[in-house]
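Shown next: data-v3.pdb, given as PDB, C-alpha atoms.
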```pdb
ATOM      1  CA  LEU A  16       2.537  -0.180 -21.957  1.00  0.00           C
ATOM      2  CA  SER A  17      -0.332  -0.242 -24.371  1.00  0.00           C
ATOM      3  CA  PRO A  18      -4.007  -0.594 -23.450  1.00  0.00           C
ATOM      4  CA  ASP A  19      -4.741  -2.612 -26.581  1.00  0.00           C
ATOM      5  CA  GLY A  20      -1.364  -4.283 -27.006  1.00  0.00           C
ATOM      6  CA  SER A  21      -0.520  -7.952 -27.108  1.00  0.00           C
ATOM      7  CA  PRO A  22      -0.436  -9.507 -23.612  1.00  0.00           C
ATOM      8  CA  SER A  23       2.610 -11.551 -24.595  1.00  0.00           C
ATOM      9  CA  SER A  24       4.716  -8.459 -25.216  1.00  0.00           C
ATOM     10  CA  VAL A  25       3.358  -5.477 -23.212  1.00  0.00           C
ATOM     11  CA  LEU A  26       1.399  -4.534 -20.136  1.00  0.00           C
ATOM     12  CA  CYS A  27      -2.138  -4.133 -21.424  1.00  0.00           C
ATOM     13  CA  GLN A  28      -5.803  -4.334 -20.501  1.00  0.00           C
ATOM     14  CA  SER A  29      -5.874  -8.121 -20.855  1.00  0.00           C
ATOM     15  CA  ASN A  30      -2.988  -8.861 -18.459  1.00  0.00           C
ATOM     16  CA  ILE A  31      -2.769  -5.974 -15.967  1.00  0.00           C
ATOM     17  CA  ASN A  32      -5.449  -7.379 -13.658  1.00  0.00           C
ATOM     18  CA  ASN A  33      -3.643 -10.729 -13.450  1.00  0.00           C
ATOM     19  CA  ILE A  34      -0.396  -8.977 -12.584  1.00  0.00           C
ATOM     20  CA  PHE A  35      -2.039  -6.961  -9.807  1.00  0.00           C
ATOM     21  CA  GLN A  36      -3.903 -10.036  -8.508  1.00  0.00           C
ATOM     22  CA  MET A  37      -0.565 -11.840  -8.144  1.00  0.00           C
ATOM     23  CA  LEU A  38       0.883  -8.865  -6.242  1.00  0.00           C
ATOM     24  CA  PHE A  39      -2.242  -8.656  -4.064  1.00  0.00           C
ATOM     25  CA  ALA A  40      -2.075 -12.380  -3.243  1.00  0.00           C
ATOM     26  CA  SER A  41       1.572 -11.991  -2.217  1.00  0.00           C
ATOM     27  CA  MET A  42       0.489  -9.514   0.444  1.00  0.00           C
ATOM     28  CA  ASN A  43      -1.104 -12.409   2.355  1.00  0.00           C
ATOM     29  CA  ASP A  44       2.162 -14.298   2.824  1.00  0.00           C
ATOM     30  CA  TYR A  45       2.669 -14.648   6.559  1.00  0.00           C
ATOM     31  CA  THR A  46       4.908 -17.708   6.333  1.00  0.00           C
ATOM     32  CA  THR A  47       6.936 -18.259   9.477  1.00  0.00           C
ATOM     33  CA  ASP A  48       9.815 -20.516  10.374  1.00  0.00           C
ATOM     34  CA  SER A  49      12.503 -20.558  13.061  1.00  0.00           C
ATOM     35  CA  ARG A  50      13.656 -17.123  11.825  1.00  0.00           C
ATOM     36  CA  GLY A  51      10.214 -15.587  12.316  1.00  0.00           C
ATOM     37  CA  ASP A  52       7.931 -13.954   9.745  1.00  0.00           C
ATOM     38  CA  ILE A  53       9.836 -14.747   6.550  1.00  0.00           C
ATOM     39  CA  GLY A  54       6.715 -13.878   4.516  1.00  0.00           C
ATOM     40  CA  ALA A  55       7.567 -10.249   5.273  1.00  0.00           C
ATOM     41  CA  VAL A  56      10.193 -10.374   2.515  1.00  0.00           C
ATOM     42  CA  VAL A  57       7.491 -11.380   0.019  1.00  0.00           C
ATOM     43  CA  ARG A  58       5.121  -8.667   1.279  1.00  0.00           C
ATOM     44  CA  GLU A  59       7.892  -6.057   1.011  1.00  0.00           C
ATOM     45  CA  ALA A  60       8.706  -7.073  -2.566  1.00  0.00           C
ATOM     46  CA  SER A  61       5.003  -6.965  -3.432  1.00  0.00           C
ATOM     47  CA  MET A  62       4.632  -3.448  -1.998  1.00  0.00           C
ATOM     48  CA  THR A  63       7.586  -2.277  -4.055  1.00  0.00           C
ATOM     49  CA  GLY A  64       6.106  -3.850  -7.172  1.00  0.00           C
ATOM     50  CA  MET A  65       2.679  -2.329  -6.553  1.00  0.00           C
ATOM     51  CA  GLU A  66       4.161   1.118  -5.963  1.00  0.00           C
ATOM     52  CA  GLN A  67       6.367   1.050  -9.060  1.00  0.00           C
ATOM     53  CA  LEU A  68       3.649  -0.341 -11.322  1.00  0.00           C
ATOM     54  CA  CYS A  69       1.052   2.091  -9.990  1.00  0.00           C
ATOM     55  CA  ILE A  70       3.334   5.079 -10.605  1.00  0.00           C
ATOM     56  CA  ARG A  71       4.313   3.899 -14.062  1.00  0.00           C
ATOM     57  CA  LEU A  72       0.681   3.378 -15.037  1.00  0.00           C
ATOM     58  CA  ALA A  73      -0.362   6.716 -13.536  1.00  0.00           C
ATOM     59  CA  ASP A  74       2.384   8.478 -15.498  1.00  0.00           C
ATOM     60  CA  GLU A  75       2.212   6.631 -18.809  1.00  0.00           C
ATOM     61  CA  CYS A  76      -1.134   4.859 -19.186  1.00  0.00           C
ATOM     62  CA  PRO A  77      -3.658   5.900 -16.514  1.00  0.00           C
ATOM     63  CA  SER A  78      -6.543   4.144 -18.286  1.00  0.00           C
ATOM     64  CA  LEU A  79      -5.091   0.816 -17.092  1.00  0.00           C
ATOM     65  CA  LEU A  80      -5.192   1.925 -13.442  1.00  0.00           C
ATOM     66  CA  THR A  81      -8.777   1.412 -12.293  1.00  0.00           C
ATOM     67  CA  PRO A  82     -10.205   2.850  -9.049  1.00  0.00           C
ATOM     68  CA  ASN A  83     -10.654  -0.713  -7.709  1.00  0.00           C
ATOM     69  CA  ILE A  84      -6.976  -1.498  -8.268  1.00  0.00           C
ATOM     70  CA  VAL A  85      -5.905   1.782  -6.647  1.00  0.00           C
ATOM     71  CA  GLN A  86      -8.124   1.164  -3.616  1.00  0.00           C
ATOM     72  CA  GLU A  87      -6.779  -2.365  -3.174  1.00  0.00           C
ATOM     73  CA  ILE A  88      -3.179  -1.127  -3.401  1.00  0.00           C
ATOM     74  CA  PHE A  89      -3.868   1.467  -0.720  1.00  0.00           C
ATOM     75  CA  CYS A  90      -5.728  -0.939   1.569  1.00  0.00           C
ATOM     76  CA  LEU A  91      -2.972  -3.548   1.432  1.00  0.00           C
ATOM     77  CA  ILE A  92      -0.164  -1.052   1.967  1.00  0.00           C
ATOM     78  CA  ILE A  93      -2.105   0.590   4.807  1.00  0.00           C
ATOM     79  CA  GLN A  94      -2.415  -2.807   6.485  1.00  0.00           C
ATOM     80  CA  GLN A  95       1.369  -3.178   6.340  1.00  0.00           C
ATOM     81  CA  SER A  96       1.843   0.382   7.618  1.00  0.00           C
ATOM     82  CA  ASN A  97       0.619  -0.971  10.959  1.00  0.00           C
ATOM     83  CA  GLU A  98       2.904  -4.013  10.824  1.00  0.00           C
ATOM     84  CA  LYS A  99       4.866  -5.107  13.897  1.00  0.00           C
ATOM     85  CA  ILE A 100       8.090  -5.626  11.933  1.00  0.00           C
ATOM     86  CA  ASP A 101       9.790  -2.224  11.927  1.00  0.00           C
ATOM     87  CA  ARG A 102      11.440  -2.659   8.520  1.00  0.00           C
ATOM     88  CA  THR A 103       8.168  -3.725   6.865  1.00  0.00           C
ATOM     89  CA  ARG A 104       6.177  -0.925   8.509  1.00  0.00           C
ATOM     90  CA  ALA A 105       8.767   1.676   7.459  1.00  0.00           C
ATOM     91  CA  LEU A 106       8.735   0.427   3.868  1.00  0.00           C
ATOM     92  CA  ALA A 107       4.924   0.449   3.776  1.00  0.00           C
ATOM     93  CA  CYS A 108       4.746   4.000   5.128  1.00  0.00           C
ATOM     94  CA  ASP A 109       7.371   5.129   2.649  1.00  0.00           C
ATOM     95  CA  LYS A 110       5.416   3.581  -0.249  1.00  0.00           C
ATOM     96  CA  LEU A 111       2.184   5.087   1.057  1.00  0.00           C
ATOM     97  CA  MET A 112       3.722   8.587   1.236  1.00  0.00           C
ATOM     98  CA  THR A 113       5.141   8.235  -2.278  1.00  0.00           C
ATOM     99  CA  LEU A 114       1.744   7.273  -3.696  1.00  0.00           C
ATOM    100  CA  ILE A 115      -0.222   9.903  -1.754  1.00  0.00           C
ATOM    101  CA  HIS A 116       2.106  12.722  -2.824  1.00  0.00           C
ATOM    102  CA  HIS A 117       2.842  11.539  -6.369  1.00  0.00           C
ATOM    103  CA  GLN A 118       2.599  14.220  -9.055  1.00  0.00           C
ATOM    104  CA  PRO A 119       0.488  14.112 -11.081  1.00  0.00           C
ATOM    105  CA  PHE A 120      -2.002  12.820  -8.529  1.00  0.00           C
ATOM    106  CA  ILE A 121      -3.044   9.211  -8.934  1.00  0.00           C
ATOM    107  CA  ASN A 122      -6.730   9.000  -9.815  1.00  0.00           C
ATOM    108  CA  GLY A 123      -9.001   6.860  -7.688  1.00  0.00           C
ATOM    109  CA  ILE A 124      -7.355   7.196  -4.282  1.00  0.00           C
ATOM    110  CA  PRO A 125     -10.206   7.043  -1.739  1.00  0.00           C
ATOM    111  CA  TYR A 126     -10.199  10.073   0.588  1.00  0.00           C
ATOM    112  CA  HIS A 127      -7.144  11.508  -1.130  1.00  0.00           C
ATOM    113  CA  LYS A 128      -7.664  15.035   0.227  1.00  0.00           C
ATOM    114  CA  GLN A 129      -7.968  13.713   3.779  1.00  0.00           C
ATOM    115  CA  LEU A 130      -4.858  11.568   3.328  1.00  0.00           C
ATOM    116  CA  MET A 131      -2.972  14.629   2.099  1.00  0.00           C
ATOM    117  CA  LYS A 132      -4.033  16.438   5.276  1.00  0.00           C
ATOM    118  CA  ILE A 133      -3.150  13.597   7.683  1.00  0.00           C
ATOM    119  CA  PHE A 134       0.141  12.910   5.929  1.00  0.00           C
ATOM    120  CA  SER A 135       1.009  16.483   4.995  1.00  0.00           C
ATOM    121  CA  HIS A 136       4.622  17.263   4.232  1.00  0.00           C
ATOM    122  CA  GLU A 137       4.785  19.164   7.517  1.00  0.00           C
ATOM    123  CA  SER A 138       3.420  16.262   9.593  1.00  0.00           C
ATOM    124  CA  ILE A 139       5.710  13.628   8.067  1.00  0.00           C
ATOM    125  CA  THR A 140       8.960  15.586   7.910  1.00  0.00           C
ATOM    126  CA  GLY A 141      11.509  13.871  10.099  1.00  0.00           C
ATOM    127  CA  ILE A 142       9.298  10.902  11.007  1.00  0.00           C
ATOM    128  CA  ASN A 143      11.105   7.630  11.487  1.00  0.00           C
ATOM    129  CA  TRP A 144       8.435   5.212  10.221  1.00  0.00           C
ATOM    130  CA  SER A 145      10.258   2.268  11.784  1.00  0.00           C
ATOM    131  CA  VAL A 146       9.416   3.607  15.250  1.00  0.00           C
ATOM    132  CA  ALA A 147       5.874   2.566  16.131  1.00  0.00           C
ATOM    133  CA  GLN A 148       5.417   5.512  18.519  1.00  0.00           C
ATOM    134  CA  SER A 149       6.022   7.856  15.570  1.00  0.00           C
ATOM    135  CA  SER A 150       4.028   6.109  12.866  1.00  0.00           C
ATOM    136  CA  PHE A 151       0.965   4.737  14.685  1.00  0.00           C
ATOM    137  CA  PRO A 152      -0.471   8.123  15.770  1.00  0.00           C
ATOM    138  CA  LEU A 153      -0.800   8.992  12.075  1.00  0.00           C
ATOM    139  CA  THR A 154      -1.801   5.608  10.658  1.00  0.00           C
ATOM    140  CA  VAL A 155      -4.515   4.917  13.253  1.00  0.00           C
ATOM    141  CA  GLN A 156      -6.369   7.982  11.947  1.00  0.00           C
ATOM    142  CA  LEU A 157      -7.243   5.840   8.919  1.00  0.00           C
ATOM    143  CA  LEU A 158      -9.717   3.960  11.115  1.00  0.00           C
ATOM    144  CA  ASN A 159     -12.044   6.921  10.478  1.00  0.00           C
ATOM    145  CA  PHE A 160     -12.425   6.101   6.764  1.00  0.00           C
ATOM    146  CA  ASP A 161     -14.671   3.257   5.670  1.00  0.00           C
ATOM    147  CA  SER A 162     -12.393   2.367   2.739  1.00  0.00           C
ATOM    148  CA  TYR A 163      -9.411   1.888   5.058  1.00  0.00           C
ATOM    149  CA  SER A 164     -10.783   0.959   8.500  1.00  0.00           C
ATOM    150  CA  TYR A 165     -10.808  -2.832   8.019  1.00  0.00           C
ATOM    151  CA  HIS A 166      -7.219  -3.032   6.745  1.00  0.00           C
ATOM    152  CA  THR A 167      -5.979  -0.548   9.347  1.00  0.00           C
ATOM    153  CA  LEU A 168      -7.561  -2.599  12.111  1.00  0.00           C
ATOM    154  CA  LEU A 169      -6.339  -5.887  10.619  1.00  0.00           C
ATOM    155  CA  GLY A 170      -2.780  -4.557  10.543  1.00  0.00           C
ATOM    156  CA  LEU A 171      -3.036  -3.425  14.153  1.00  0.00           C
ATOM    157  CA  VAL A 172      -4.516  -6.724  15.352  1.00  0.00           C
ATOM    158  CA  ILE A 173      -1.851  -8.766  13.567  1.00  0.00           C
ATOM    159  CA  SER A 174       0.776  -6.380  14.928  1.00  0.00           C
ATOM    160  CA  VAL A 175      -0.190  -6.963  18.544  1.00  0.00           C
ATOM    161  CA  GLY A 176      -0.305 -10.698  17.944  1.00  0.00           C
ATOM    162  CA  GLY A 177      -4.023 -11.250  18.428  1.00  0.00           C
ATOM    163  CA  LEU A 178      -4.525 -12.837  15.027  1.00  0.00           C
ATOM    164  CA  THR A 179      -2.428 -14.735  12.541  1.00  0.00           C
ATOM    165  CA  GLU A 180      -2.892 -14.885   8.798  1.00  0.00           C
ATOM    166  CA  SER A 181      -2.927 -18.689   8.517  1.00  0.00           C
TER     167      SER A 181
END
```
Take the structure from the file and write it as structure tokens.
Amino acid sequence: LSPDGSPSSVLCQSNINNIFQMLFASMNDYTTDSRGDIGAVVREASMTGMEQLCIRLADECPSLLTPNIVQEIFCLIIQQSNEKIDRTRALACDKLMTLIHHQPFINGIPYHKQLMKIFSHESITGINWSVAQSSFPLTVQLLNFDSYSYHTLLGLVISVGGLTES
């Protein structure tokens, strides 16, 4: 990591946006076949990549982590936190909790204090994120925040089958 480094050898200002844009685009993979939503595997890998890269940048080179990138990461993971596939929803909620509670705090998280309150350690202890009845009562509270309402609603609508991402 080096803000002014060579894009051919390090993560830097000139290539970090392209890397995040690729991860963001992967979050729209809703490919289906006879096995169902196989795009979920791509979305899960993208969430893991976004989480790991976000944490590494926050820890080692926070100047490369812009508020716009942080907001997009949160919006896309929040959408998946309302996913109908239990495994994908559980992974998204796990990534979301990791990012919300990361120390030192990640700069640029919209409504971070409110997220810390909704997803306090006390409220999430023992939650099985793969059970919709456990996770949805917390995640639907994000409808109250303009930065997150669209992606929360989109995740819910896709989850109930009223809309496809084709």
For each of A:Cys76, A:Met112, A:Ser17, A:Gln118, take the minimum atom-to-atom distance to Thr140 of chain A, counting all atoms listed in the file, then give the residue where this is smallest.
A:Met112
Identify, on the basis of all atoms listed in the file, every residue whose closest approach to segment 156-159 of chain A does not exceed 8 Å; exclude the query and any residue fewer than 6 positions from it along the same chain; express the result as a PDB file with C-alpha atoms, keeping the file's coordinate frame.
```pdb
ATOM      1  CA  ILE A 133      -3.150  13.597   7.683  1.00  0.00           C
ATOM      2  CA  TYR A 165     -10.808  -2.832   8.019  1.00  0.00           C
ATOM      3  CA  THR A 167      -5.979  -0.548   9.347  1.00  0.00           C
ATOM      4  CA  LEU A 168      -7.561  -2.599  12.111  1.00  0.00           C
TER       5      LEU A 168
END
```
Quick one: residues within 9 Å of segment 146-153 of chain A, only C-alpha atoms counted, chain neighbours fewer than 6 positions away excluded, as a ChimeraX atom specification?
/A:96-99,101,104-105,108,133-134,138-139
From A:Ile34, A:Ile142, A:Ala55, A:Leu111, residue lying nearest His127 of chain A [all atoms listed in the file]
A:Leu111
Using all atoms listed in the file, give me every residue within 10 Å of (-8.0, 1.9, -5.8) in file coordinates, as a PyMOL selection string.
chain A and resi 69+80-90+121-125+162
Determine the residue set returned by the PyMOL selection byres ((chain A and resi 62) around 8) for the present structure, and present it as a PyMOL selection string.
chain A and resi 38+42+58-61+63-66+92+107+110
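The two atoms in question, atom CA of Leu26 of chain A and atom CA of Gln95 of chain A, are spaced 26.5 Å apart.
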Could you work out how far atom CA of Phe120 of chain A lies from atom CA of Asp19 of chain A, giving the answer in Å with one decimal?
23.9 Å
So that I can see what lies close to His166 of chain A, please list as a PDB file with C-alpha atoms, in the coordinates of the input the residues with an atom at most 8 Å from it, counting only C-alpha atoms and leaving out residues fewer than 4 positions away in the same chain.
```pdb
ATOM      1  CA  CYS A  90      -5.728  -0.939   1.569  1.00  0.00           C
ATOM      2  CA  LEU A  91      -2.972  -3.548   1.432  1.00  0.00           C
ATOM      3  CA  ILE A  93      -2.105   0.590   4.807  1.00  0.00           C
ATOM      4  CA  GLN A  94      -2.415  -2.807   6.485  1.00  0.00           C
ATOM      5  CA  GLY A 170      -2.780  -4.557  10.543  1.00  0.00           C
TER       6      GLY A 170
END
```
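Between atom CA of Gln36 of chain A and atom CA of Val57 of chain A there is a distance of 14.3 Å.
If all atoms listed in the file are the atoms counted, then among A:Phe35, A:Asp52, A:Ile100, A:Phe160 the closest residue to Leu79 of chain A is A:Phe35.
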